[in-house]
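*Asks:* One structure follows; several queries about it will come next.
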Amino acid sequence: MKERISPIRIAVLLLMSILTMPLTAAQEKAHPNLQLWYRQPAKIWEEALPVGNGRLGAMVFGGVLEERLQLNEGTIWSGSPKEYNRVGAYKYFPEIRQMIYDGKYKEADALAKKQVLGERPPGAYHPLGDLILKFDGVGNPTKYRRELNLDTAVARVSYQVGDAIYTREVFSSVPDQVIVVRFTCDKPGRLSFSAQLTREADAESASQGSGLVIRGQADRGKPSAGTRFIGRLEALSEGGTVTSKDGVLRVDKANAVTLLLNAASDYRSADFESQCEKLLAAAAARSYAALREANIKEHQRLFRRVALNLGEAPEIPTDERLKLFREGAKDPALIALFFQYGRYMLISSSRPGNLPANLQGIWNHRYVNQPWFCGWHFDISAPMNYWMAESANLSECHEPFLNFIDAIRVNGRKTAQEVYGCSGFVVTHRTTPWLFTAPVSGLSLWASGAGWTCQHLWEHYLFTQDREYLRNKGYPIMKEAAEFFLTWLTPNPVTGKLVSGPSISPENSFIVGEKSFAELDMGPAMDQQIAAELFDNCLAAGAVLGMNDEFITKVKKARAELANGTQIGSDGRLLEWSTERPEREPGHRHLSHLYAAYPSEQISLRRTPELAEAVRKSLEVRLQHGKTRAGGMGADSGNTGWSLAWTANLSARLGDAQGALQAINTMISQLLFPNLMCTAPRMTTLVFQIDGQLGMPAAIIEMLLQSHAEEIELLPALPETWKAGSVKGLRARGAFEVDLDWKSNRLQQVTIHALRGGSCKVRLGERAVEFSTKPGEVLTLNSELKRIVP
């Protein structure tokens with residue numbers, strides 16, 4: 001007997017089919033909660049709109065008479081592989097350690113810098129250049145609109161001149177690996193313009209066939225010379241003519257034009273030029289509609305997994321919304337937009353097969369003085385870039401970082417042996433694509449970078465429950481990082497407990513004497529917390545995989561002998577160093593000693609309430625002293641985007657909804673450029689830095705859903721002002737996917753998808769229930785956590 005389908009169900013199925021159908025450009029209209037839009041072109045880089053495919057990035061300015069696309073390719077870097085290890089430096093560690101124990105901190109700092117730190121490596125991320133477009137006969141445009149549709153990953157410009165409507169679309173294709181620029185006009189023969197590929201230095205542009213080429217090398221002719229690169233542009237015209245001469249491409253009287261741009265460097269292959277040409281030719285063989293549809297489908301495969309609704313968005317331009325927000329207007333939908341913008345930025349800057357998102361993602365326009373060389377900084381920024389990767393349902397975007405950790409092991413082993421005299425592998429606080437791992441000048445000794453990054457390997461397993469990944473990749477890397485600590489830790493001569501050092505608390509220092517300060521310690525809080533976490537995760541992974549070998553025995557013993565990294569001082573705060581010492585900067589931007597509360601899970605409200613209170617007090621004092629640093633602009637806990645993101649995550653873990661919301665509000669009202677890109681202070685100016693951009697969405701998730709304490713906690717830090725809303729598609733540890741909605745600040749319903757099955761404990765306030773689930777099973781619970789049977 002055939003099942004009878006109700007008319008209502010037929011209507012629902014029809015609507016769903018319509019919603020999932022690919023849309024043409026004319027049919028698309030972005031939801032206000034999923035678009036950035038403006039009534040004028042960008043005047044400066046910080047107003048332009050980003051597109052990217054994990055490798056090729058562009059900032060779209062949207063000019064009418066002249067358009068500029070600032071271009072990046074992720075492997076165009078200065079510098080080159082080189083040895084920076086101070087071989088045999090480990091012989092000075094006993095003397096440095098004794099100096100620290102004797103209170104001779106300045107002497108210890110001086111000896112470490114003289115005998116242990118290597119020279120500072122050259123190398124920074126460089127732009128590919130600019131695509132400059134100059135248009136003929138534009139006249140006085142009206143009805144101008146510039147937008148970025150987060151749902152389609154298409155930047156669009158439209159305006160009217162006389163009786164003609166001009167449109168321009170830009171996207172960076174993942175499937176076809178090219179940047180696509182499309183020009184149309186609703187009146188035939190009205191498109192005429194010139195195009196050039198330009199660069200400030202170290203490159204030459206020329207015509208090639210009917211297209212353009214640019215060739216160069218980062219820092220060419222300098223000791224810091226880096227990768228050689230090529231950029232290629234082709235024009236596909238519908239009607240009219242296309243010519244190219246003397247480095248200028250010319251389009252005349254066309255009906256529509258598609259520009260295709262590809263670029264490559266010799267970072268991975270000496271055959272980079274032919275590879276670039278092949279990809280360009282393959283893309284040129286496809287129609288614009290096919291290119292566009294394929295990229296939208298791939299983008300939406302990731303982007304549409306999560307939807308967040310915090311209220312309706314006003315139909316006003318984004319820069320005007322930002323201005324009103326700064327003036328005190330309530331706009332929760334702007335927070336939701338910022339959340340999805342962060343997901344969009346991670347999707348656009350971190351794709352499998354590429355380098356991970358660097359300090360600026362993949363978008364940088366500077367040829368010199370790049371902010372912190374756009375590198376990977378393991379004492380906060382690189383890990384923060386990926387805090388939301390799993391919980392925001394973008395696990396694939398996590399892969400470049402996980403693979404980067406694996407790749408850096410080769411140099412890390414050598415540094416462990418030659419500099420530290422240890423086994424395993426070590427990563428200090430920063431690196432470039434050349435993967436140097438040595439401690440170098442610019443910061444003092446800190447050997448916990450590998451330990452911190454290994455947290456991501458374990459988190460990837462917890463969220464996916466992929467045992468094969470854990471067995472074949474995650475656990476071997478974690479084990480090797482732990483082997484370093486097993487040989488690096490030494491007993492404190494008084495307590496006998498194992499401590500890490502000489503090391504710092506990134507990147508703060510403590511006062512010694514009247515006008516002096518020092519950095520090095522034996523057993524600073526963060527180091528001890530990272531070692532404890534790494535050991536615990538190795539033991540947990542070993543249990544999952546059935547390991548019970550000599551390594552596991554050594555880790556158990558070392559964990560039992562490890563000095564406590566979560567000590568409470570006389571004022572109720574968590575200690576930053578091994579003993580109580582006055583901070584040089586009480587409002588410091590780094591919150592290193594609070595690592596155990598977030599991103600780690602060693603401290604929690606229910607399991608360790610006394611420590612949670614110490615974290616709360618520490619955070620409170622840090623924020624009270626923000627914006628008090630003397631000299632220049634300074635960077636502290638109150639004016640640095642990524643520091644506010646860390647604060648928001650910590651506040652959410654502490655159940656402090658107002659504290660988390662205050663950090664979000666401060667970031668949006670004070671620390672965003674007009675294009676909503678996040679800032680950090682550098683000298684006397686503000687620069688784009690993506691870590692806060694990607695770290696704050698993780699905090700928004702923590703406010704709505706937490707799963708670190710072996711349970712799924714719903715709405716643990718919901719602000720009073722988010723009275724009603726919904727979220728779908730968030731991931732929880734244990735391989736669960738969660739949809740929930742609330743009204744009047746109270747949960748209405750939650751749906752939990754068990755992707756792998758297993759025990760599922762759910763908490764709402766003081767109420768907790770536990771279910772046993774099968775793979776693919778769906779749990780729907782009401783406001784009292786009672787199961788709703790479909």
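Residues are referred to by chain and number: the chain letter is A, B, ... according to the order shown in the structure tokens, the number counts from 1 in that chain, and ligands are numbered separately from 1 in the order shown.
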Residues at most 8 Å from Pro127 (chain A), counting only C-alpha atoms, excluding those fewer than 4 positions away in the same chain, as a count of residues only?
*Replies:* 9
*Asks:* Neighbours of Ser210 (chain A) within 12 Å (only C-alpha atoms; same-chain residues fewer than 2 positions away dropped), as an mmCIF file with N, CA and C atoms, in the first residue's frame?
*Replies:*
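The new file result.cif reads:
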```cif
data_model
loop_
_atom_site.group_PDB
_atom_site.id
_atom_site.type_symbol
_atom_site.label_atom_id
_atom_site.label_comp_id
_atom_site.auth_asym_id
_atom_site.auth_seq_id
_atom_site.Cartn_x
_atom_site.Cartn_y
_atom_site.Cartn_z
ATOM 1 N N ALA A 195 42.646 47.117 -18.654
ATOM 2 C CA ALA A 195 43.055 46.365 -17.460
ATOM 3 C C ALA A 195 44.567 46.259 -17.422
ATOM 4 N N ALA A 206 53.402 42.356 -18.493
ATOM 5 C CA ALA A 206 53.488 42.379 -19.954
ATOM 6 C C ALA A 206 52.218 41.795 -20.541
ATOM 7 N N SER A 207 52.063 42.018 -21.820
ATOM 8 C CA SER A 207 50.987 41.353 -22.549
ATOM 9 C C SER A 207 51.427 39.940 -22.903
ATOM 10 N N GLN A 208 50.484 39.027 -22.905
ATOM 11 C CA GLN A 208 50.757 37.645 -23.319
ATOM 12 C C GLN A 208 49.548 37.155 -24.089
ATOM 13 N N LEU A 212 47.221 39.098 -20.009
ATOM 14 C CA LEU A 212 48.310 39.765 -19.302
ATOM 15 C C LEU A 212 49.056 38.771 -18.434
ATOM 16 N N VAL A 213 50.309 39.104 -18.144
ATOM 17 C CA VAL A 213 51.113 38.292 -17.243
ATOM 18 C C VAL A 213 51.927 39.210 -16.346
ATOM 19 N N ARG A 232 48.440 35.492 -14.036
ATOM 20 C CA ARG A 232 47.956 35.490 -15.413
ATOM 21 C C ARG A 232 46.511 35.941 -15.470
ATOM 22 N N LEU A 233 46.196 36.777 -16.449
ATOM 23 C CA LEU A 233 44.844 37.283 -16.639
ATOM 24 C C LEU A 233 44.408 37.030 -18.073
ATOM 25 N N GLU A 234 43.186 36.491 -18.226
ATOM 26 C CA GLU A 234 42.580 36.315 -19.542
ATOM 27 C C GLU A 234 41.196 36.947 -19.537
ATOM 28 N N ALA A 235 40.796 37.467 -20.707
ATOM 29 C CA ALA A 235 39.479 38.086 -20.852
ATOM 30 C C ALA A 235 38.654 37.304 -21.857
ATOM 31 N N LEU A 236 37.427 36.984 -21.470
ATOM 32 C CA LEU A 236 36.470 36.301 -22.347
ATOM 33 C C LEU A 236 35.323 37.268 -22.602
ATOM 34 N N SER A 237 35.232 37.735 -23.846
ATOM 35 C CA SER A 237 34.275 38.788 -24.171
ATOM 36 C C SER A 237 33.083 38.220 -24.937
ATOM 37 N N THR A 241 35.485 43.659 -28.788
ATOM 38 C CA THR A 241 36.837 43.183 -29.096
ATOM 39 C C THR A 241 37.703 43.187 -27.847
ATOM 40 N N VAL A 242 38.706 42.298 -27.862
ATOM 41 C CA VAL A 242 39.701 42.234 -26.794
ATOM 42 C C VAL A 242 41.077 42.270 -27.428
ATOM 43 N N THR A 243 41.923 43.185 -26.977
ATOM 44 C CA THR A 243 43.306 43.254 -27.442
ATOM 45 C C THR A 243 44.221 43.435 -26.235
ATOM 46 N N SER A 244 45.490 43.116 -26.424
ATOM 47 C CA SER A 244 46.473 43.300 -25.349
ATOM 48 C C SER A 244 47.780 43.743 -25.962
ATOM 49 N N LYS A 245 48.317 44.853 -25.455
ATOM 50 C CA LYS A 245 49.556 45.401 -25.983
ATOM 51 C C LYS A 245 50.283 46.173 -24.892
ATOM 52 N N ASP A 246 51.584 45.932 -24.785
ATOM 53 C CA ASP A 246 52.438 46.674 -23.850
ATOM 54 C C ASP A 246 51.908 46.640 -22.411
ATOM 55 N N GLY A 247 51.426 45.478 -22.000
ATOM 56 C CA GLY A 247 50.973 45.319 -20.625
ATOM 57 C C GLY A 247 49.609 45.908 -20.314
ATOM 58 N N VAL A 248 48.861 46.283 -21.352
ATOM 59 C CA VAL A 248 47.510 46.821 -21.151
ATOM 60 C C VAL A 248 46.523 45.981 -21.951
ATOM 61 N N LEU A 249 45.548 45.425 -21.268
ATOM 62 C CA LEU A 249 44.478 44.679 -21.925
ATOM 63 C C LEU A 249 43.328 45.641 -22.194
ATOM 64 N N ARG A 250 42.790 45.573 -23.404
ATOM 65 C CA ARG A 250 41.761 46.518 -23.795
ATOM 66 C C ARG A 250 40.503 45.786 -24.262
ATOM 67 N N VAL A 251 39.351 46.146 -23.671
ATOM 68 C CA VAL A 251 38.046 45.632 -24.074
ATOM 69 C C VAL A 251 37.241 46.801 -24.637
ATOM 70 N N LEU A 259 36.617 38.138 -16.725
ATOM 71 C CA LEU A 259 38.056 38.098 -16.514
ATOM 72 C C LEU A 259 38.387 36.926 -15.603
#
```
*Asks:* If you run DSSP on the backbone, which residues of region 148-389 of chain A are alpha helix (DSSP H), as a PyMOL selection string?
*Replies:* chain A and resi 272-284+288-303+318-326+332-349+381-384
*Asks:* Please tabulate, as CSV, the residues of region 354-463 of chain A that come within 10 Å of region 341-346 of chain A, each with its closest pair of atoms and the distance in Å to one decimal, counting only C-alpha atoms and ordering rows by chain, then residue number upward.
*Replies:*
```
residue,atom,partner,partner_atom,distance
A:Pro356,CA,A:Leu346,CA,9.6
A:Ala357,CA,A:Leu346,CA,7.5
A:Gly361,CA,A:Met345,CA,7.7
A:Ile362,CA,A:Met345,CA,9.4
A:Asn385,CA,A:Leu346,CA,7.9
A:Tyr386,CA,A:Leu346,CA,8.3
A:Met388,CA,A:Arg343,CA,8.3
A:Ala389,CA,A:Leu346,CA,8.0
A:Ala392,CA,A:Arg343,CA,7.4
A:Asn393,CA,A:Arg343,CA,9.3
A:Leu394,CA,A:Arg343,CA,8.1
A:Cys397,CA,A:Leu346,CA,7.0
A:His398,CA,A:Leu346,CA,9.1
```
*Asks:* Take the residues from that selection and write them out as an mmCIF file, in the first residue's frame, keeping C-alpha atoms.
*Replies:*
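Produced file part-v3.cif, reproduced below:
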```cif
data_model
loop_
_atom_site.group_PDB
_atom_site.id
_atom_site.type_symbol
_atom_site.label_atom_id
_atom_site.label_comp_id
_atom_site.auth_asym_id
_atom_site.auth_seq_id
_atom_site.Cartn_x
_atom_site.Cartn_y
_atom_site.Cartn_z
ATOM 1 C CA PRO A 356 46.621 27.592 7.075
ATOM 2 C CA ALA A 357 45.188 31.067 7.590
ATOM 3 C CA GLY A 361 44.178 35.199 6.695
ATOM 4 C CA ILE A 362 45.210 35.490 3.043
ATOM 5 C CA ASN A 385 42.285 31.277 14.151
ATOM 6 C CA TYR A 386 40.922 27.751 14.551
ATOM 7 C CA MET A 388 35.715 27.824 16.060
ATOM 8 C CA ALA A 389 36.662 25.382 13.290
ATOM 9 C CA ALA A 392 31.157 26.115 13.838
ATOM 10 C CA ASN A 393 30.866 22.961 11.698
ATOM 11 C CA LEU A 394 33.904 23.743 9.530
ATOM 12 C CA CYS A 397 38.805 24.128 7.241
ATOM 13 C CA HIS A 398 40.743 22.886 10.284
#
```
*Asks:* So, with only C-alpha atoms as the atoms that count, which of A:Ala732, A:Ser726, A:Val170, A:Pro317 lies closest to Val750 (chain A)?
*Replies:* A:Ser726
*Asks:* When distances are computed from only C-alpha atoms, which of A:Gln196, A:Ser444, A:Thr666, A:Gln455 shows the smallest separation from Met384 (chain A)?
*Replies:* A:Gln455
*Asks:* Compare A:Leu575, A:Leu117, A:Val51, A:Leu128 by their minimum atom-to-atom distance to Ser441 (chain A), counting only C-alpha atoms, and give me the closest one.
*Replies:*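 Using only C-alpha atoms, the shortest distance to Ser441 (chain A) belongs to A:Leu117.
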*Asks:* Just list the residues in region 66-166 of chain A DSSP gives strand (DSSP E) on the backbone, as a PyMOL selection string.
*Replies:* chain A and resi 66-73+129-135+142-149+154-161+164-166
*Asks:* Using only C-alpha atoms, find each residue of region 314-371 of chain A with at least one atom at most 12 Å away from an atom of region 403-407 of chain A; report its shortest atom-to-atom pair and that distance in Å (one decimal), sort the rows by chain and rising residue number, and return the result as JSON lines.
*Replies:*
```
{"residue": "A:Ser350", "atom": "CA", "partner": "A:Phe404", "partner_atom": "CA", "distance": 11.6}
{"residue": "A:Arg351", "atom": "CA", "partner": "A:Asn403", "partner_atom": "CA", "distance": 11.3}
{"residue": "A:Pro352", "atom": "CA", "partner": "A:Asn403", "partner_atom": "CA", "distance": 8.9}
{"residue": "A:Gly353", "atom": "CA", "partner": "A:Asn403", "partner_atom": "CA", "distance": 8.9}
{"residue": "A:Asn354", "atom": "CA", "partner": "A:Phe404", "partner_atom": "CA", "distance": 9.4}
{"residue": "A:Leu355", "atom": "CA", "partner": "A:Phe404", "partner_atom": "CA", "distance": 7.2}
{"residue": "A:Pro356", "atom": "CA", "partner": "A:Phe404", "partner_atom": "CA", "distance": 7.1}
{"residue": "A:Ala357", "atom": "CA", "partner": "A:Phe404", "partner_atom": "CA", "distance": 10.5}
{"residue": "A:Asn358", "atom": "CA", "partner": "A:Phe404", "partner_atom": "CA", "distance": 11.4}
```
